[in-house]
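S.K.: query-v7.cif is the file, holding mmCIF, C-alpha atoms and all ligand atoms:
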```cif
data_coords
loop_
_atom_site.label_atom_id
_atom_site.label_comp_id
_atom_site.auth_asym_id
_atom_site.auth_seq_id
_atom_site.Cartn_x
_atom_site.Cartn_y
_atom_site.Cartn_z
CA THR A 1 16.60 -46.41 18.66
CA THR A 2 12.90 -46.06 18.03
CA ARG A 3 11.75 -43.71 15.34
CA GLN A 4 8.74 -41.48 15.89
CA ALA A 5 5.55 -42.92 14.46
CA ALA A 6 4.78 -41.39 11.08
CA PRO A 7 1.71 -39.31 12.11
CA ASP A 8 3.85 -37.35 14.61
CA ARG A 9 6.62 -36.55 12.16
CA PRO A 10 6.45 -33.01 10.83
CA PRO A 11 6.41 -32.54 7.07
CA VAL A 12 9.87 -31.54 5.86
CA ALA A 13 10.55 -28.61 3.54
CA LEU A 14 13.89 -27.54 2.03
CA THR A 15 15.11 -24.07 1.12
CA ILE A 16 18.03 -23.62 -1.27
CA ALA A 17 18.92 -19.95 -0.87
CA GLY A 18 21.30 -17.30 0.40
CA SER A 19 21.98 -16.33 4.00
CA ASP A 20 20.99 -12.81 5.10
CA SER A 21 23.00 -11.90 8.20
CA GLY A 22 20.36 -9.26 8.91
CA GLY A 23 17.75 -11.96 9.43
CA GLY A 24 15.03 -10.30 7.35
CA ALA A 25 15.26 -12.26 4.12
CA GLY A 26 16.99 -15.30 2.68
CA ILE A 27 17.46 -18.56 4.58
CA GLN A 28 16.69 -16.88 7.90
CA ALA A 29 13.28 -15.67 6.73
CA ASP A 30 12.61 -18.99 5.02
CA LEU A 31 13.20 -21.11 8.13
CA LYS A 32 11.16 -18.84 10.40
CA THR A 33 8.30 -18.83 7.91
CA MET A 34 8.36 -22.60 7.41
CA GLU A 35 8.27 -23.10 11.17
CA ALA A 36 5.34 -20.67 11.47
CA CYS A 37 3.50 -22.59 8.76
CA GLY A 38 3.92 -25.99 10.41
CA ALA A 39 6.74 -27.53 8.37
CA PHE A 40 10.21 -28.55 9.50
CA GLY A 41 12.67 -26.40 7.55
CA THR A 42 15.97 -27.74 6.22
CA SER A 43 18.39 -25.64 4.19
CA ALA A 44 21.17 -25.58 1.63
CA VAL A 45 23.04 -22.26 1.75
CA THR A 46 24.17 -21.01 -1.66
CA SER A 47 25.77 -17.68 -0.70
CA VAL A 48 26.60 -15.92 2.51
CA THR A 49 25.67 -12.23 2.35
CA ALA A 50 26.90 -9.66 4.83
CA GLN A 51 23.92 -7.35 5.11
CA ASN A 52 21.66 -5.44 7.43
CA THR A 53 18.52 -3.39 7.02
CA ARG A 54 20.45 -0.76 5.00
CA GLY A 55 21.73 -3.07 2.28
CA VAL A 56 24.18 -5.75 1.20
CA GLU A 57 27.83 -5.13 2.20
CA SER A 58 29.31 -8.16 0.51
CA SER A 59 28.40 -11.59 -0.70
CA HIS A 60 30.40 -14.80 -0.75
CA ARG A 61 29.39 -17.73 -2.93
CA LEU A 62 29.86 -21.24 -1.64
CA PRO A 63 31.56 -23.76 -3.93
CA THR A 64 29.03 -25.68 -6.02
CA SER A 65 30.31 -28.94 -4.49
CA GLU A 66 29.42 -27.68 -0.98
CA ILE A 67 25.93 -26.66 -2.09
CA ALA A 68 25.48 -30.12 -3.64
CA ALA A 69 26.75 -31.74 -0.43
CA GLN A 70 24.13 -29.90 1.64
CA ILE A 71 21.29 -30.85 -0.70
CA GLU A 72 22.43 -34.47 -0.73
CA ALA A 73 22.83 -34.62 3.05
CA VAL A 74 19.24 -33.44 3.42
CA LEU A 75 17.74 -35.62 0.69
CA ASP A 76 19.65 -38.64 1.96
CA ASP A 77 18.07 -38.51 5.41
CA PHE A 78 14.78 -36.60 5.21
CA ASP A 79 11.55 -37.19 3.35
CA VAL A 80 11.51 -33.73 1.73
CA ARG A 81 7.92 -33.05 0.60
CA ALA A 82 8.56 -29.66 -1.00
CA ALA A 83 11.52 -27.38 -1.73
CA LYS A 84 12.01 -23.76 -2.72
CA THR A 85 14.84 -21.84 -4.31
CA GLY A 86 15.77 -18.27 -3.47
CA MET A 87 19.08 -16.53 -4.17
CA LEU A 88 21.04 -18.87 -6.45
CA ALA A 89 23.52 -16.18 -7.59
CA THR A 90 25.09 -17.88 -10.62
CA SER A 91 24.17 -20.03 -13.60
CA ASP A 92 26.28 -22.88 -12.18
CA VAL A 93 24.11 -23.01 -9.06
CA ILE A 94 20.90 -22.78 -11.09
CA ASP A 95 22.11 -25.72 -13.22
CA LEU A 96 23.08 -27.65 -10.09
CA VAL A 97 19.60 -27.32 -8.59
CA GLY A 98 18.22 -28.53 -11.93
CA GLU A 99 19.99 -31.85 -11.33
CA TYR A 100 17.89 -32.51 -8.21
CA THR A 101 14.43 -31.60 -9.44
CA GLY A 102 13.60 -35.28 -10.03
CA HIS A 103 14.03 -35.91 -6.28
CA LEU A 104 11.72 -33.09 -5.18
CA PRO A 105 7.98 -33.84 -5.07
CA ALA A 106 7.22 -30.12 -5.32
CA LEU A 107 9.51 -27.24 -6.28
CA VAL A 108 8.76 -23.55 -5.81
CA VAL A 109 11.16 -21.34 -7.78
CA ASP A 110 11.41 -17.78 -6.47
CA PRO A 111 13.65 -16.28 -9.17
CA VAL A 112 15.48 -13.83 -6.88
CA MET A 113 17.44 -11.28 -8.92
CA VAL A 114 17.64 -7.98 -7.01
CA ALA A 115 17.18 -7.20 -3.28
CA ALA A 116 14.63 -4.61 -2.19
CA SER A 117 17.65 -2.40 -1.36
CA GLY A 118 18.60 -2.49 -5.06
CA ASP A 119 21.60 -4.79 -4.63
CA ARG A 120 21.98 -7.48 -7.30
CA LEU A 121 21.69 -11.05 -6.01
CA LEU A 122 22.04 -12.81 -9.38
CA GLU A 123 24.83 -12.37 -11.92
CA PRO A 124 23.30 -10.74 -15.03
CA ASP A 125 24.55 -13.52 -17.33
CA ALA A 126 22.68 -16.08 -15.19
CA GLU A 127 19.21 -14.80 -16.11
CA ASP A 128 18.94 -17.10 -19.14
CA ALA A 129 19.92 -20.12 -17.05
CA TYR A 130 16.51 -20.05 -15.34
CA GLU A 131 14.81 -21.54 -18.38
CA ASP A 132 15.29 -25.20 -17.36
CA LEU A 133 14.45 -24.60 -13.70
CA VAL A 134 11.25 -22.79 -14.69
CA ALA A 135 10.34 -25.79 -16.87
CA ALA A 136 10.79 -28.12 -13.87
CA ALA A 137 8.93 -25.95 -11.35
CA THR A 138 5.66 -26.75 -9.62
CA LEU A 139 5.30 -23.00 -9.16
CA VAL A 140 7.36 -19.95 -10.18
CA THR A 141 6.84 -16.80 -8.11
CA PRO A 142 8.29 -13.79 -9.96
CA ASN A 143 7.58 -10.17 -9.15
CA ALA A 144 6.88 -7.95 -12.15
CA ASP A 145 10.57 -7.18 -12.79
CA GLU A 146 11.58 -10.84 -12.64
CA ALA A 147 8.63 -11.82 -14.83
CA ALA A 148 9.79 -9.28 -17.42
CA VAL A 149 13.31 -10.76 -17.45
CA LEU A 150 12.03 -14.34 -17.69
CA THR A 151 9.28 -13.80 -20.27
CA GLY A 152 9.87 -10.51 -22.07
CA VAL A 153 6.37 -9.42 -20.97
CA GLU A 154 6.61 -6.34 -18.72
CA PRO A 155 3.60 -6.46 -16.39
CA GLU A 156 2.01 -3.04 -15.92
CA ASP A 157 -1.47 -4.24 -15.01
CA GLU A 158 -3.39 -7.37 -14.09
CA ALA A 159 -3.81 -8.46 -17.71
CA ASP A 160 -0.04 -8.26 -18.26
CA CYS A 161 0.55 -10.34 -15.10
CA ARG A 162 -1.77 -12.96 -16.53
CA ALA A 163 0.03 -12.86 -19.90
CA ALA A 164 3.43 -13.25 -18.21
CA GLY A 165 2.05 -16.14 -16.13
CA GLU A 166 0.70 -17.84 -19.25
CA ARG A 167 4.10 -17.48 -20.88
CA LEU A 168 5.79 -19.12 -17.85
CA VAL A 169 3.34 -22.03 -18.06
CA GLU A 170 4.12 -22.33 -21.80
CA MET A 171 7.79 -22.48 -20.80
CA GLY A 172 6.95 -25.60 -18.80
CA ALA A 173 6.12 -24.49 -15.25
CA ASP A 174 3.08 -26.25 -13.77
CA ALA A 175 1.97 -22.87 -12.42
CA ALA A 176 3.09 -19.26 -12.11
CA LEU A 177 2.21 -16.71 -9.46
CA VAL A 178 2.99 -13.29 -10.91
CA LYS A 179 3.05 -10.93 -7.95
CA GLY A 180 1.48 -7.50 -8.13
CA GLY A 181 3.50 -5.69 -5.47
CA HIS A 182 5.54 -3.79 -8.09
CA VAL A 183 2.55 -3.18 -10.36
CA PRO A 184 0.83 0.19 -9.91
CA GLY A 185 -2.69 0.17 -8.51
CA GLU A 186 -4.66 0.74 -5.33
CA ALA A 187 -4.83 -2.97 -4.55
CA VAL A 188 -2.07 -5.54 -4.85
CA VAL A 189 -3.27 -8.21 -7.26
CA ASP A 190 -1.34 -11.47 -7.50
CA VAL A 191 -2.25 -13.67 -10.46
CA LEU A 192 -1.98 -17.48 -10.31
CA VAL A 193 -1.94 -19.15 -13.71
CA THR A 194 -1.99 -22.87 -14.49
CA GLU A 195 -2.64 -24.70 -17.74
CA GLU A 196 -6.38 -24.70 -16.98
CA THR A 197 -7.04 -21.88 -14.56
CA VAL A 198 -6.42 -18.23 -13.74
CA GLU A 199 -7.04 -17.05 -10.17
CA THR A 200 -6.49 -13.60 -8.71
CA PHE A 201 -5.70 -12.72 -5.09
CA ARG A 202 -6.41 -9.14 -4.06
CA HIS A 203 -5.22 -7.22 -1.00
CA PRO A 204 -5.23 -3.54 -0.07
CA ARG A 205 -1.80 -1.99 -0.72
CA VAL A 206 0.06 -1.17 2.50
CA ASP A 207 2.10 2.04 2.37
CA THR A 208 5.43 0.80 3.75
CA ASP A 209 9.08 0.55 2.78
CA ALA A 210 9.56 -2.44 5.11
CA THR A 211 9.18 -4.98 2.32
CA HIS A 212 12.53 -6.72 2.76
CA GLY A 213 11.99 -10.47 2.81
CA SER A 214 8.50 -10.35 1.33
CA GLY A 215 9.32 -12.62 -1.61
CA CYS A 216 11.21 -15.07 0.60
CA THR A 217 8.39 -15.19 3.14
CA LEU A 218 5.70 -15.79 0.53
CA SER A 219 7.56 -18.54 -1.34
CA SER A 220 8.51 -20.27 1.93
CA ALA A 221 4.96 -20.18 3.26
CA ILE A 222 3.67 -21.70 0.01
CA THR A 223 6.41 -24.37 0.14
CA ALA A 224 5.57 -25.24 3.75
CA HIS A 225 1.88 -25.59 2.93
CA LEU A 226 2.67 -27.78 -0.09
CA ALA A 227 4.89 -29.92 2.18
CA ARG A 228 1.89 -30.32 4.49
CA GLY A 229 -0.17 -31.59 1.58
CA ALA A 230 -2.20 -28.50 0.70
CA ASP A 231 -3.23 -28.16 -2.93
CA LEU A 232 -1.74 -25.33 -4.96
CA THR A 233 -4.60 -22.85 -4.55
CA GLU A 234 -4.79 -23.44 -0.77
CA ALA A 235 -1.01 -23.12 -0.41
CA VAL A 236 -0.85 -19.90 -2.44
CA SER A 237 -3.87 -18.40 -0.72
CA SER A 238 -2.49 -19.16 2.77
CA GLY A 239 0.94 -17.80 1.79
CA ILE A 240 -0.53 -14.56 0.48
CA ASP A 241 -2.63 -14.15 3.64
CA LEU A 242 0.45 -14.64 5.84
CA LEU A 243 2.38 -12.04 3.85
CA ALA A 244 -0.55 -9.62 3.93
CA ARG A 245 -0.36 -9.81 7.74
CA GLY A 246 3.46 -9.65 7.68
CA VAL A 247 3.55 -6.33 5.82
CA ARG A 248 1.12 -4.84 8.36
CA TYR A 249 3.38 -5.79 11.27
CA PRO A 250 6.89 -4.99 10.00
CA LEU A 251 9.94 -5.86 12.09
CA ASP A 252 11.43 -2.53 13.04
CA VAL A 253 14.93 -3.72 13.94
CA GLY A 254 17.78 -1.60 12.55
CA GLU A 255 18.27 1.83 11.07
CA GLY A 256 17.17 1.03 7.51
CA PRO A 257 13.73 -0.04 6.31
CA GLY A 258 12.62 -3.10 8.30
CA SER A 259 11.48 -6.41 6.94
CA VAL A 260 8.09 -8.03 6.80
CA HIS A 261 7.11 -10.12 9.79
CA HIS A 262 7.59 -13.84 9.12
CA MET A 263 5.42 -15.36 11.83
CA VAL A 264 2.16 -13.40 12.27
N1 LIG A 301 17.86 -13.83 -0.54
C1 LIG A 301 18.76 -13.09 0.12
C2 LIG A 301 19.97 -13.74 0.70
C3 LIG A 301 18.55 -11.73 0.25
O1 LIG A 301 19.43 -11.01 0.93
C4 LIG A 301 17.39 -11.14 -0.32
C5 LIG A 301 17.13 -9.72 -0.19
O2 LIG A 301 17.90 -8.96 0.33
C6 LIG A 301 16.50 -11.93 -1.01
C7 LIG A 301 16.77 -13.27 -1.09
C8 LIG A 301 15.27 -11.40 -1.66
O3 LIG A 301 14.46 -10.83 -0.73
P1 LIG A 301 12.94 -10.48 -0.97
O4 LIG A 301 12.18 -11.46 -0.17
O5 LIG A 301 12.83 -9.11 -0.43
O6 LIG A 301 12.67 -10.62 -2.42
#
```
Can the structure in the file be given as structure tokens, please?
Ligand code: PLP
M.R.:
Amino acid sequence: TTRQAAPDRPPVALTIAGSDSGGGAGIQADLKTMEACGAFGTSAVTSVTAQNTRGVESSHRLPTSEIAAQIEAVLDDFDVRAAKTGMLATSDVIDLVGEYTGHLPALVVDPVMVAASGDRLLEPDAEDAYEDLVAAATLVTPNADEAAVLTGVEPEDEADCRAAGERLVEMGADAALVKGGHVPGEAVVDVLVTEETVETFRHPRVDTDATHGSGCTLSSAITAHLARGADLTEAVSSGIDLLARGVRYPLDVGEGPGSVHHMV
């Protein structure tokens, strides 16, 4: 068999995350977003959630060995240029992903803890386990609540977001994007902190409850752009722009609040 010439091969991205049967968040949102952003999405499913637009009915964790087998099957065959993590659910899974960070040229850690519906997606005793994964991350993308858990700094304004981001960089992350969606204010201000720089990204706040999948969509878009070779600022800026469009065109599919659009 002849392999495609390298220039025609799409850049490959990997998502390690939970399945959302409702299609608005999790692996389903990740793959749609990666496709929309020009990367070929591969996946390792960590948990299978039974959920719809109203909330999570149940959640079933896959054995750690099966999660490892998926990651290895992908890494064994594909030239993965960037990976992201979403719902990891337990400290065992967080530790498992930590074993592969050396094989991932770029790693975006979206420290998913609670769904927009309020359902927990991470066991409370697993919060501390994120320390090593944060230290290995190219980028960590917490919302204000997740940043508070990870750093002890509770962001209530832009300055706090910056302080939490600086703390995450001190903890070893190459960069932190502390998201402003849960921070009060007329505009949403996301703050990107690296060792040398602080950048802010500002968008008008959209009055909507269809925010399901927003974190997944943003982190997947950034991962896809990194896989395509964008630098960090370009990748983050493009991801934020995609999400800003996605919240304006929510997917109204179900009785509960819809999700953000993944492909506009
Ligand atoms: N991963 C899964 C499997 C989920 O079901 C959810 C939310 O319900 C999330 C991640 C987090 O979603 P969001 O992008 O809204 O933070």
S.K.: Taking all atoms listed in the file and a cut-off of 7 Å, can you tell me which residues surround ligand LIG 301 (chain A), written as a list in words?
M.R.: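 For ligand LIG 301 (chain A), the residues inside 7 Å are Ala17, Gly18, Ser19, Asp20, Ala25, Gly26, Ile27, Thr49, Gly86, Met87, Val112, Val114, Ala115, Ala116, Ser117, Thr211, His212, Gly213, Ser214, Gly215, Cys216 and Thr217 of chain A.
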S.K.: Write a file of the just-selected residues containing C-alpha atoms, as a CSV table (one decimal), in the coordinates of the input.
M.R.:
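Printed below is again-v1.csv as written:
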```csv
chain,number,residue,atom,x,y,z
A,17,ALA,CA,18.9,-20.0,-0.9
A,18,GLY,CA,21.3,-17.3,0.4
A,19,SER,CA,22.0,-16.3,4.0
A,20,ASP,CA,21.0,-12.8,5.1
A,25,ALA,CA,15.3,-12.3,4.1
A,26,GLY,CA,17.0,-15.3,2.7
A,27,ILE,CA,17.5,-18.6,4.6
A,49,THR,CA,25.7,-12.2,2.4
A,86,GLY,CA,15.8,-18.3,-3.5
A,87,MET,CA,19.1,-16.5,-4.2
A,112,VAL,CA,15.5,-13.8,-6.9
A,114,VAL,CA,17.6,-8.0,-7.0
A,115,ALA,CA,17.2,-7.2,-3.3
A,116,ALA,CA,14.6,-4.6,-2.2
A,117,SER,CA,17.6,-2.4,-1.4
A,211,THR,CA,9.2,-5.0,2.3
A,212,HIS,CA,12.5,-6.7,2.8
A,213,GLY,CA,12.0,-10.5,2.8
A,214,SER,CA,8.5,-10.4,1.3
A,215,GLY,CA,9.3,-12.6,-1.6
A,216,CYS,CA,11.2,-15.1,0.6
A,217,THR,CA,8.4,-15.2,3.1
```
S.K.: Point out the residue among A:Asn143, A:Gly152, A:Thr85, A:Ser238 with the least atom-to-atom distance to Val108 of chain A, counting all atoms listed in the file.
M.R.: A:Thr85
S.K.: For His60 of chain A, please output as a PDB file with C-alpha atoms, keeping the file's coordinate frame all residues within 8 Å (counting all atoms listed in the file; exclusion window: fewer than 2 positions along the same chain).
M.R.:
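Output file selection_3.pdb follows:
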```pdb
ATOM      1  CA  SER A  47      25.770 -17.680  -0.700  1.00  0.00           C
ATOM      2  CA  VAL A  48      26.600 -15.920   2.510  1.00  0.00           C
ATOM      3  CA  THR A  49      25.670 -12.230   2.350  1.00  0.00           C
ATOM      4  CA  SER A  58      29.310  -8.160   0.510  1.00  0.00           C
ATOM      5  CA  LEU A  62      29.860 -21.240  -1.640  1.00  0.00           C
TER       6      LEU A  62
END
```
S.K.: In Å to one decimal, how far is atom CA of Pro155 of chain A from atom CA of Ala227 of chain A?
M.R.: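 Separation between atom CA of Ala227 of chain A and atom CA of Pro155 of chain A: 29.9 Å.
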S.K.: For segment 163-166 of chain A, list every protein, DNA or RNA residue within 12 Å, evaluated using all atoms listed in the file, and leave out those in the same chain fewer than 6 positions away; present the list as a PyMOL selection string.
M.R.: chain A and resi 134+139-157+172-180+190-200
S.K.: Might you pull out every residue within 12 Å of Pro10 of chain A, with all atoms listed in the file counted and same-chain residues fewer than 3 positions away left off, and present them as a list of chain:residue names?
M.R.: A:Gln4, A:Ala5, A:Ala6, A:Pro7, A:Ala13, A:Met34, A:Glu35, A:Cys37, A:Gly38, A:Ala39, A:Phe40, A:Gly41, A:Thr42, A:Phe78, A:Asp79, A:Val80, A:Arg81, A:Ala224, A:His225, A:Ala227, A:Arg228, A:Gly229
S.K.: Record the distance separating atom CA of Val169 of chain A and atom CA of Asp30 of chain A, expressed in Å with one decimal.
M.R.: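 Between these atoms lies a distance of 25.1 Å.
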S.K.: Taking all atoms listed in the file into account, which of A:Ala36, A:Ala89, A:Ile222, A:Ala210 comes nearest Leu121 of chain A?
M.R.: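 Distance minimum relative to Leu121 of chain A lands on A:Ala89.
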S.K.: Compare A:Gln51, A:Thr90, A:Ser59, A:Thr33 by their minimum atom-to-atom distance to Thr15 of chain A, counting only C-alpha atoms, and give me the closest one.
M.R.: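 With only C-alpha atoms as the atom set, the closest residue is A:Thr33.
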S.K.: Just give me the gap between atom CA of Asn52 of chain A and atom CA of Asp125 of chain A in Å, one decimal is fine.
M.R.: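 Atom-to-atom, atom CA of Asn52 of chain A to atom CA of Asp125 of chain A, that is 26.2 Å.
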